[in-house]
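target_9.csv, holding CSV, C-alpha atoms:
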chain,number,residue,atom,x,y,z
T,1291,MET,CA,1.6,110.2,112.1
T,1292,ARG,CA,0.8,111.2,108.5
T,1293,LYS,CA,-2.3,113.0,109.7
T,1294,PHE,CA,-0.3,114.9,112.2
T,1295,THR,CA,2.3,115.9,109.7
T,1296,SER,CA,-0.5,117.0,107.3
T,1297,PHE,CA,-1.9,119.3,109.9
T,1298,VAL,CA,1.5,120.8,110.8
T,1299,ALA,CA,2.4,121.4,107.2
T,1300,GLY,CA,-1.0,123.1,106.7
T,1301,LEU,CA,-0.4,125.3,109.7
T,1302,LEU,CA,3.0,126.3,108.4
T,1303,PHE,CA,1.5,126.9,104.9
T,1304,GLY,CA,-1.2,129.2,106.4
T,1305,LEU,CA,1.4,131.1,108.5
T,1306,GLY,CA,3.4,131.7,105.4
T,1307,LEU,CA,0.4,133.0,103.5
T,1308,LEU,CA,-0.4,135.4,106.3
T,1309,LEU,CA,3.2,136.7,106.7
T,1310,SER,CA,3.8,137.0,103.0
T,1311,GLY,CA,0.9,139.3,102.3
T,1312,MET,CA,-0.9,136.8,100.0
T,1313,ALA,CA,-3.8,136.9,102.5
T,1314,ASN,CA,-4.4,140.6,101.8
T,1315,PRO,CA,-6.4,141.0,98.5
T,1316,ALA,CA,-5.4,144.7,98.1
T,1317,LYS,CA,-1.7,143.7,98.2
T,1318,VAL,CA,-2.3,140.9,95.6
T,1319,ILE,CA,-4.1,143.4,93.3
T,1320,GLY,CA,-1.2,145.9,93.9
T,1321,PHE,CA,1.1,143.1,92.5
T,1322,LEU,CA,-1.1,142.5,89.5
T,1323,ASP,CA,-1.4,146.2,88.8
T,1324,LEU,CA,1.6,146.6,86.5
T,1325,ALA,CA,0.4,149.8,85.0
T,1326,GLY,CA,-0.2,151.6,88.3
T,1327,ALA,CA,2.0,151.8,91.4
T,1328,TRP,CA,3.4,148.3,91.2
T,1329,ASP,CA,4.1,146.4,94.4
T,1330,PRO,CA,6.6,143.6,93.5
T,1331,SER,CA,6.4,141.9,96.9
T,1332,LEU,CA,4.6,138.8,95.7
T,1333,ALA,CA,7.2,138.0,93.2
T,1334,LEU,CA,9.5,137.5,96.2
T,1335,VAL,CA,7.0,135.2,97.7
T,1336,MET,CA,7.3,133.0,94.6
T,1337,VAL,CA,11.1,133.2,94.7
T,1338,GLY,CA,11.3,132.3,98.4
T,1339,ALA,CA,8.8,129.4,98.0
T,1340,ILE,CA,10.4,127.9,94.8
T,1341,ALA,CA,14.0,128.3,96.0
T,1342,THR,CA,13.0,126.4,99.2
T,1343,ALA,CA,11.0,123.7,97.5
T,1344,LEU,CA,13.2,123.0,94.5
T,1345,MET,CA,15.5,120.4,96.1
T,1346,PRO,CA,12.8,118.6,98.1
T,1347,PHE,CA,10.7,118.2,94.9
T,1348,ASN,CA,13.7,117.0,93.0
T,1349,TRP,CA,14.1,114.2,95.7
T,1350,ALA,CA,10.3,113.4,95.5
T,1351,ARG,CA,10.5,112.9,91.7
T,1352,LYS,CA,13.1,110.2,92.1
T,1353,HIS,CA,11.3,108.3,94.8
T,1354,GLU,CA,8.3,106.0,94.8
T,1355,ARG,CA,7.5,106.4,98.5
T,1356,SER,CA,7.6,109.2,100.9
T,1357,LEU,CA,9.8,109.3,104.1
T,1358,LEU,CA,6.7,108.2,106.0
T,1359,ASP,CA,6.2,105.4,103.5
T,1360,ALA,CA,3.2,106.9,101.7
T,1361,PRO,CA,2.9,106.4,97.9
T,1362,MET,CA,4.4,109.4,96.1
T,1363,GLN,CA,1.5,111.0,94.3
T,1364,LEU,CA,2.8,113.4,91.7
T,1365,PRO,CA,0.8,114.5,88.6
T,1366,THR,CA,1.4,112.3,85.6
T,1367,LYS,CA,-0.3,114.4,82.8
T,1368,ARG,CA,2.1,115.9,80.3
T,1369,GLU,CA,0.0,117.4,77.5
T,1370,LEU,CA,-0.5,121.2,77.2
T,1371,ASP,CA,-4.2,121.1,76.2
T,1372,GLY,CA,-7.0,123.6,75.9
T,1373,ARG,CA,-8.4,122.7,79.3
T,1374,LEU,CA,-5.1,123.6,81.0
T,1375,ILE,CA,-4.9,126.9,79.2
T,1376,GLY,CA,-8.6,127.8,79.3
T,1377,GLY,CA,-9.0,126.9,82.9
T,1378,SER,CA,-5.9,128.9,84.0
T,1379,LEU,CA,-7.2,131.8,82.0
T,1380,LEU,CA,-10.5,131.8,83.8
T,1381,PHE,CA,-8.7,131.3,87.1
T,1382,GLY,CA,-6.5,134.3,86.4
T,1383,VAL,CA,-9.5,136.6,85.6
T,1384,GLY,CA,-11.1,135.6,88.8
T,1385,TRP,CA,-7.9,136.2,90.7
T,1386,GLY,CA,-7.6,139.6,89.2
T,1387,ILE,CA,-11.1,140.6,90.0
T,1388,ALA,CA,-10.9,139.9,93.8
T,1389,GLY,CA,-7.2,139.4,94.5
T,1390,ILE,CA,-8.0,136.1,96.2
T,1391,CYS,CA,-6.8,132.6,95.3
T,1392,PRO,CA,-7.8,129.3,97.0
T,1393,GLY,CA,-5.0,129.1,99.7
T,1394,PRO,CA,-5.4,132.6,101.0
T,1395,ALA,CA,-9.2,132.2,100.9
T,1396,ILE,CA,-8.9,129.4,103.5
T,1397,ALA,CA,-6.3,131.3,105.5
T,1398,MET,CA,-8.6,134.3,105.7
T,1399,LEU,CA,-11.9,132.4,106.4
T,1400,LEU,CA,-11.7,132.8,110.2
T,1401,GLY,CA,-10.7,136.4,109.9
T,1402,GLY,CA,-14.2,137.6,110.3
T,1403,HIS,CA,-14.8,139.2,106.8
T,1404,TRP,CA,-18.0,138.4,105.0
T,1405,GLN,CA,-16.3,138.9,101.7
T,1406,VAL,CA,-14.2,135.8,102.2
T,1407,VAL,CA,-17.2,133.7,103.1
T,1408,LEU,CA,-19.0,134.8,99.9
T,1409,PHE,CA,-15.9,134.1,97.8
T,1410,VAL,CA,-15.4,130.6,99.3
T,1411,LEU,CA,-19.0,129.7,98.8
T,1412,ALA,CA,-18.9,130.9,95.2
T,1413,MET,CA,-15.6,129.0,94.7
T,1414,LEU,CA,-17.0,125.7,96.0
T,1415,GLY,CA,-20.1,126.3,93.8
T,1416,GLY,CA,-17.8,126.7,90.8
T,1417,MET,CA,-16.1,123.4,91.7
T,1418,LEU,CA,-19.4,121.6,92.0
T,1419,LEU,CA,-20.5,123.1,88.7
T,1420,PHE,CA,-17.3,121.7,87.1
T,1421,SER,CA,-18.0,118.2,88.5
T,1422,ALA,CA,-21.6,118.4,87.3
T,1423,LEU,CA,-20.5,119.3,83.8
T,1424,GLU,CA,-17.9,116.6,83.8
T,1425,ARG,CA,-20.5,114.0,84.8
T,1426,ARG,CA,-22.8,115.1,81.9
T,1427,ARG,CA,-19.8,114.9,79.5
T,1428,ALA,CA,-19.1,111.3,80.7
T,1429,CYS,CA,-22.7,110.2,80.0
X,1230,MET,CA,5.5,151.4,85.4
X,1231,THR,CA,6.3,152.9,88.8
X,1232,ILE,CA,7.3,150.8,91.8
X,1233,ASP,CA,5.2,151.3,94.9
X,1234,TRP,CA,8.1,151.5,97.5
X,1235,ILE,CA,5.7,152.4,100.3
X,1236,ASN,CA,3.8,149.1,100.2
X,1237,PHE,CA,6.9,147.0,99.1
X,1238,THR,CA,7.6,144.5,101.8
X,1239,PRO,CA,10.6,142.4,100.6
X,1240,TRP,CA,11.5,140.7,103.8
X,1241,THR,CA,8.1,139.5,105.0
X,1242,ALA,CA,7.4,138.4,101.4
X,1243,LEU,CA,10.6,136.4,101.1
X,1244,VAL,CA,10.3,134.8,104.6
X,1245,GLY,CA,6.6,134.1,104.0
X,1246,GLY,CA,7.5,132.5,100.7
X,1247,VAL,CA,10.2,130.3,102.4
X,1248,LEU,CA,7.5,129.1,104.9
X,1249,ILE,CA,5.1,128.3,102.1
X,1250,GLY,CA,7.9,126.4,100.3
X,1251,ALA,CA,8.9,124.6,103.5
X,1252,ALA,CA,5.3,123.5,104.1
X,1253,ALA,CA,4.9,122.3,100.5
X,1254,SER,CA,8.2,120.4,100.9
X,1255,LEU,CA,7.2,118.7,104.2
X,1256,PHE,CA,3.9,117.7,102.6
X,1257,VAL,CA,5.6,116.0,99.6
X,1258,LEU,CA,8.5,114.5,101.5
X,1259,LEU,CA,6.5,113.1,104.4
X,1260,ASN,CA,3.0,112.6,102.9
X,1261,GLY,CA,3.9,112.2,99.2
X,1262,ARG,CA,1.3,114.8,98.3
X,1263,ILE,CA,1.2,118.0,96.3
X,1264,ALA,CA,0.1,121.0,98.4
X,1265,GLY,CA,-2.3,122.3,95.7
X,1266,ILE,CA,-5.1,124.0,97.6
X,1267,SER,CA,-7.8,123.9,94.8
X,1268,GLY,CA,-7.2,120.2,94.3
X,1269,LEU,CA,-7.4,119.4,98.0
X,1270,LEU,CA,-10.6,121.4,98.3
X,1271,ALA,CA,-12.1,119.8,95.2
X,1272,SER,CA,-11.4,116.3,96.4
X,1273,LEU,CA,-13.4,117.1,99.6
X,1274,VAL,CA,-16.3,118.6,97.7
X,1275,GLU,CA,-16.3,115.9,95.0
X,1276,SER,CA,-16.5,113.1,97.5
X,1277,LYS,CA,-13.7,110.9,96.1
X,1278,ALA,CA,-13.0,109.2,99.3
X,1279,GLU,CA,-9.4,108.3,98.9
X,1280,ARG,CA,-7.2,109.1,102.0
X,1281,ARG,CA,-9.4,112.1,102.6
X,1282,GLY,CA,-8.3,112.6,106.2
X,1283,GLU,CA,-4.8,113.9,105.3
X,1284,LYS,CA,-6.2,116.3,102.8
X,1285,LEU,CA,-8.8,117.6,105.2
X,1286,LEU,CA,-6.1,118.0,108.0
X,1287,PHE,CA,-3.8,120.0,105.7
X,1288,LEU,CA,-6.7,122.4,104.9
X,1289,LEU,CA,-7.6,122.6,108.6
X,1290,GLY,CA,-4.0,123.6,109.3
X,1291,ILE,CA,-4.4,126.5,106.9
X,1292,LEU,CA,-7.8,127.4,108.4
X,1293,PHE,CA,-6.5,127.5,111.9
X,1294,ALA,CA,-3.2,129.3,111.1
X,1295,PRO,CA,-4.8,132.7,112.0
X,1296,LEU,CA,-5.7,131.4,115.5
X,1297,LEU,CA,-2.1,130.4,116.1
X,1298,TRP,CA,-1.0,133.8,114.7
X,1299,MET,CA,-3.3,135.6,117.1
X,1300,LEU,CA,-1.4,134.0,120.0
X,1301,LEU,CA,1.6,136.1,119.0
X,1302,GLY,CA,0.0,139.3,117.7
X,1303,SER,CA,-2.9,140.8,115.8
X,1304,LEU,CA,-3.7,139.5,112.3
X,1305,PRO,CA,-2.3,141.3,109.3
X,1306,ALA,CA,-4.6,143.7,107.4
X,1307,MET,CA,-7.1,142.1,105.0
X,1308,GLU,CA,-8.4,144.8,102.6
X,1309,PHE,CA,-11.1,144.0,100.0
X,1310,GLN,CA,-11.6,146.1,96.9
X,1311,ALA,CA,-14.3,144.0,95.1
X,1312,ASN,CA,-18.0,144.4,95.8
X,1313,TRP,CA,-20.3,141.5,96.3
X,1314,VAL,CA,-20.9,141.0,92.6
X,1315,GLY,CA,-17.2,141.0,91.9
X,1316,LEU,CA,-16.6,138.5,94.8
X,1317,LEU,CA,-19.3,136.2,93.5
X,1318,MET,CA,-18.0,136.2,90.0
X,1319,ALA,CA,-14.4,135.9,91.1
X,1320,GLY,CA,-15.2,132.9,93.3
X,1321,LEU,CA,-17.1,131.1,90.5
X,1322,LEU,CA,-14.3,131.8,88.0
X,1323,VAL,CA,-11.6,130.6,90.5
X,1324,GLY,CA,-13.6,127.5,91.3
X,1325,VAL,CA,-14.3,126.5,87.7
X,1326,GLY,CA,-11.0,127.6,86.3
X,1327,THR,CA,-8.8,125.8,88.8
X,1328,ARG,CA,-10.7,122.6,88.1
X,1329,TYR,CA,-10.3,122.8,84.3
X,1330,GLY,CA,-6.7,124.0,84.7
X,1331,SER,CA,-6.0,121.3,87.4
X,1332,GLY,CA,-4.4,123.8,89.8
X,1333,CYS,CA,-3.9,127.2,91.2
X,1334,THR,CA,-1.1,129.4,92.6
X,1335,SER,CA,0.0,126.7,95.1
X,1336,GLY,CA,-0.3,123.6,93.0
X,1337,HIS,CA,1.0,125.0,89.7
X,1338,GLY,CA,2.8,128.2,90.9
X,1339,VAL,CA,4.8,126.7,93.8
X,1340,CYS,CA,4.8,122.9,93.7
X,1341,GLY,CA,4.6,122.5,89.9
X,1342,ILE,CA,7.3,125.0,89.1
X,1343,SER,CA,9.5,123.4,91.8
X,1344,ARG,CA,9.0,120.1,90.0
X,1345,LEU,CA,9.9,121.8,86.8
X,1346,SER,CA,6.6,120.7,85.2
X,1347,PRO,CA,6.1,122.2,81.8
X,1348,ARG,CA,2.3,122.1,82.3
X,1349,SER,CA,2.6,124.1,85.6
X,1350,ILE,CA,5.0,126.6,84.1
X,1351,VAL,CA,2.5,127.3,81.2
X,1352,ALA,CA,-0.5,127.4,83.6
X,1353,THR,CA,1.3,129.9,85.9
X,1354,LEU,CA,2.3,132.2,83.0
X,1355,VAL,CA,-1.3,132.0,81.7
X,1356,PHE,CA,-3.0,132.8,85.0
X,1357,MET,CA,-0.5,135.6,85.9
X,1358,ALA,CA,-1.0,137.2,82.5
X,1359,ALA,CA,-4.8,136.9,82.8
X,1360,GLY,CA,-4.5,138.5,86.3
X,1361,PHE,CA,-2.4,141.4,85.0
X,1362,VAL,CA,-4.8,142.0,82.1
X,1363,THR,CA,-7.9,141.8,84.3
X,1364,VAL,CA,-6.5,144.4,86.8
X,1365,TYR,CA,-5.5,146.6,83.9
X,1366,VAL,CA,-8.9,146.5,82.4
X,1367,LEU,CA,-10.8,147.0,85.7
X,1368,ARG,CA,-8.5,149.7,87.1
X,1369,HIS,CA,-7.3,151.6,84.1
X,1370,LEU,CA,-9.8,151.1,81.3
X,1371,LEU,CA,-13.1,150.9,83.2
X,1372,GLY,CA,-11.6,152.9,86.1
X,1373,GLY,CA,-11.9,151.3,89.6
Can the structure from this file be put into structure tokens for me?
Amino acid sequence: MRKFTSFVAGLLFGLGLLLSGMANPAKVIGFLDLAGAWDPSLALVMVGAIATALMPFNWARKHERSLLDAPMQLPTKRELDGRLIGGSLLFGVGWGIAGICPGPAIAMLLGGHWQVVLFVLAMLGGMLLFSALERRRAC
Amino acid sequence: MTIDWINFTPWTALVGGVLIGAAASLFVLLNGRIAGISGLLASLVESKAERRGEKLLFLLGILFAPLLWMLLGSLPAMEFQANWVGLLMAGLLVGVGTRYGSGCTSGHGVCGISRLSPRSIVATLVFMAAGFVTVYVLRHLLGG
């Protein structure tokens, strides 16, 4: 049952990305281009998403188990450290260069554009690089 | 600043956002999980084998969403402005950055802000600011 609800939630998430315009890199860059002709659409994507999710997440914070009796797995870290800031900075630069973030990259992958395939391979490479660096740090 | 009224699509943006928020809500209410795409992807790549099936199926749902969409109509436009060098660099930066920063637009921007997490609010402000500055430099200082 939980596998089925995962898949349905993923489908809905993907449809939302496609409808919202997040899965069009040129539109994302139009939103990030404050100094040019600014397209504020994606601010409304955030507004719609957060307004919808606010109450469900408030419920989730107060419960140990989900409605389907899975353990509630919410992040527990609290500190605002250099890794959070530095990592988000690098992510933002990458997002600004291509106009693609991880969710839309997956939603566009079957759209038949080589650009997405290259981006996703590089992104997975970046994730592997991170885990390799972490393993060296742990030694 | 001038507003680009021609490309401004308030209704599809808002309804699309509601769908994204509803999907993230379902995932946390039913599965107890954060719909953070970079984290889900990384846990598949990094072979931490804890309840991987659910994570994989959420990602497969996103992957197959365009096929469901095509039953109803043609896919929305996907326009790319970066060349292959830009795409390669962008992908690497997004991969490394989302791991160090523990999240991306979905995990921090949607789920984290909805949980009122200070870490996610800071992360979102930082990556948005970095995105604004990057586009400003590439478009207006170096000239597209």
Surrounding residues of stretch 1341-1349 of chain T excluding itself and chain neighbours under 6 positions, 6 Å, all atoms listed in the file, as a PyMOL selection string: chain X and resi 1247+1250+1254+1343-1344
7 Å contact set for stretch 1231-1243 of chain X, all atoms listed in the file, chain neighbours under 4 positions out, as a list of chain:residue names: T:Leu1309, T:Ser1310, T:Gly1311, T:Gly1326, T:Ala1327, T:Trp1328, T:Asp1329, T:Pro1330, T:Ser1331, T:Leu1332, T:Leu1334, T:Val1335, T:Gly1338, X:Val1247
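Take the candidates X:Ser1346, X:Gln1310, X:Thr1334, X:Thr1327 and check each one against T:Gly1389 using all atoms listed in the file; the shortest distance goes to X:Gln1310.
Residue nearest T:Ala1360, chosen from X:Ser1331, X:Thr1353, X:Asn1260, X:Asn1312 and counting only C-alpha atoms: X:Asn1260.
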Distance of atom CA of T:Leu1302 from atom CA of X:Leu1300, expressed in Å to one decimal place: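 Atom-to-atom, atom CA of X:Leu1300 and atom CA of T:Leu1302 are spaced 14.6 Å apart.
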Spatial neighbours of X:Arg1328, max dist 7 Å, all atoms listed in the file, sep filter under 4 positions, as a tab-separated table (two decimals) with C-alpha atoms, keeping the file's coordinate frame:
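Wrote selection_19.tsv, looks like this:
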chain	number	residue	atom	x	y	z
T	1377	GLY	CA	-9.00	126.90	82.90
T	1417	MET	CA	-16.10	123.40	91.70
T	1420	PHE	CA	-17.30	121.70	87.10
X	1324	GLY	CA	-13.60	127.50	91.30
X	1332	GLY	CA	-4.40	123.80	89.80
Selection as a PyMOL selection string: residues within 12 Å of (6.9, 108.5, 105.7), counting only C-alpha atoms: (chain T and resi 1291-1296+1350+1353-1362) or (chain X and resi 1255-1262)
Best match for closeness to T:Ser1378 among X:Ile1350, X:Val1364, X:Val1339, X:Cys1333, counting only C-alpha atoms: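 The answer is X:Cys1333, which sits nearest to T:Ser1378.
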Because the input lacks atoms here, generate N, CA and C atoms for stretch 1316-1328 of chain X and report them as an mmCIF file, in the coordinates of the input.
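Result saved to selection27.cif:
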data_model
loop_
_atom_site.group_PDB
_atom_site.id
_atom_site.type_symbol
_atom_site.label_atom_id
_atom_site.label_comp_id
_atom_site.auth_asym_id
_atom_site.auth_seq_id
_atom_site.Cartn_x
_atom_site.Cartn_y
_atom_site.Cartn_z
ATOM 1 N N LEU X 1316 -17.003 139.653 93.964
ATOM 2 C CA LEU X 1316 -16.600 138.500 94.800
ATOM 3 C C LEU X 1316 -17.244 137.218 94.307
ATOM 4 N N LEU X 1317 -18.535 137.339 93.992
ATOM 5 C CA LEU X 1317 -19.300 136.200 93.500
ATOM 6 C C LEU X 1317 -18.752 135.665 92.203
ATOM 7 N N MET X 1318 -18.546 136.607 91.263
ATOM 8 C CA MET X 1318 -18.000 136.200 90.000
ATOM 9 C C MET X 1318 -16.609 135.651 90.097
ATOM 10 N N ALA X 1319 -15.790 136.318 90.897
ATOM 11 C CA ALA X 1319 -14.400 135.900 91.100
ATOM 12 C C ALA X 1319 -14.368 134.476 91.668
ATOM 13 N N GLY X 1320 -15.189 134.234 92.691
ATOM 14 C CA GLY X 1320 -15.200 132.900 93.300
ATOM 15 C C GLY X 1320 -15.590 131.830 92.320
ATOM 16 N N LEU X 1321 -16.638 132.092 91.538
ATOM 17 C CA LEU X 1321 -17.100 131.100 90.500
ATOM 18 C C LEU X 1321 -15.965 130.839 89.515
ATOM 19 N N LEU X 1322 -15.353 131.920 89.004
ATOM 20 C CA LEU X 1322 -14.300 131.800 88.000
ATOM 21 C C LEU X 1322 -13.109 130.988 88.583
ATOM 22 N N VAL X 1323 -12.749 131.295 89.834
ATOM 23 C CA VAL X 1323 -11.600 130.600 90.500
ATOM 24 C C VAL X 1323 -11.979 129.117 90.663
ATOM 25 N N GLY X 1324 -13.212 128.850 91.075
ATOM 26 C CA GLY X 1324 -13.600 127.500 91.300
ATOM 27 C C GLY X 1324 -13.609 126.661 89.995
ATOM 28 N N VAL X 1325 -14.272 127.171 88.962
ATOM 29 C CA VAL X 1325 -14.300 126.500 87.700
ATOM 30 C C VAL X 1325 -12.964 126.408 87.021
ATOM 31 N N GLY X 1326 -12.282 127.560 87.008
ATOM 32 C CA GLY X 1326 -11.000 127.600 86.300
ATOM 33 C C GLY X 1326 -9.926 126.744 86.894
ATOM 34 N N THR X 1327 -9.838 126.675 88.227
ATOM 35 C CA THR X 1327 -8.800 125.800 88.800
ATOM 36 C C THR X 1327 -9.067 124.356 88.581
ATOM 37 N N ARG X 1328 -10.366 123.978 88.413
ATOM 38 C CA ARG X 1328 -10.700 122.600 88.100
ATOM 39 C C ARG X 1328 -10.284 122.229 86.685
#
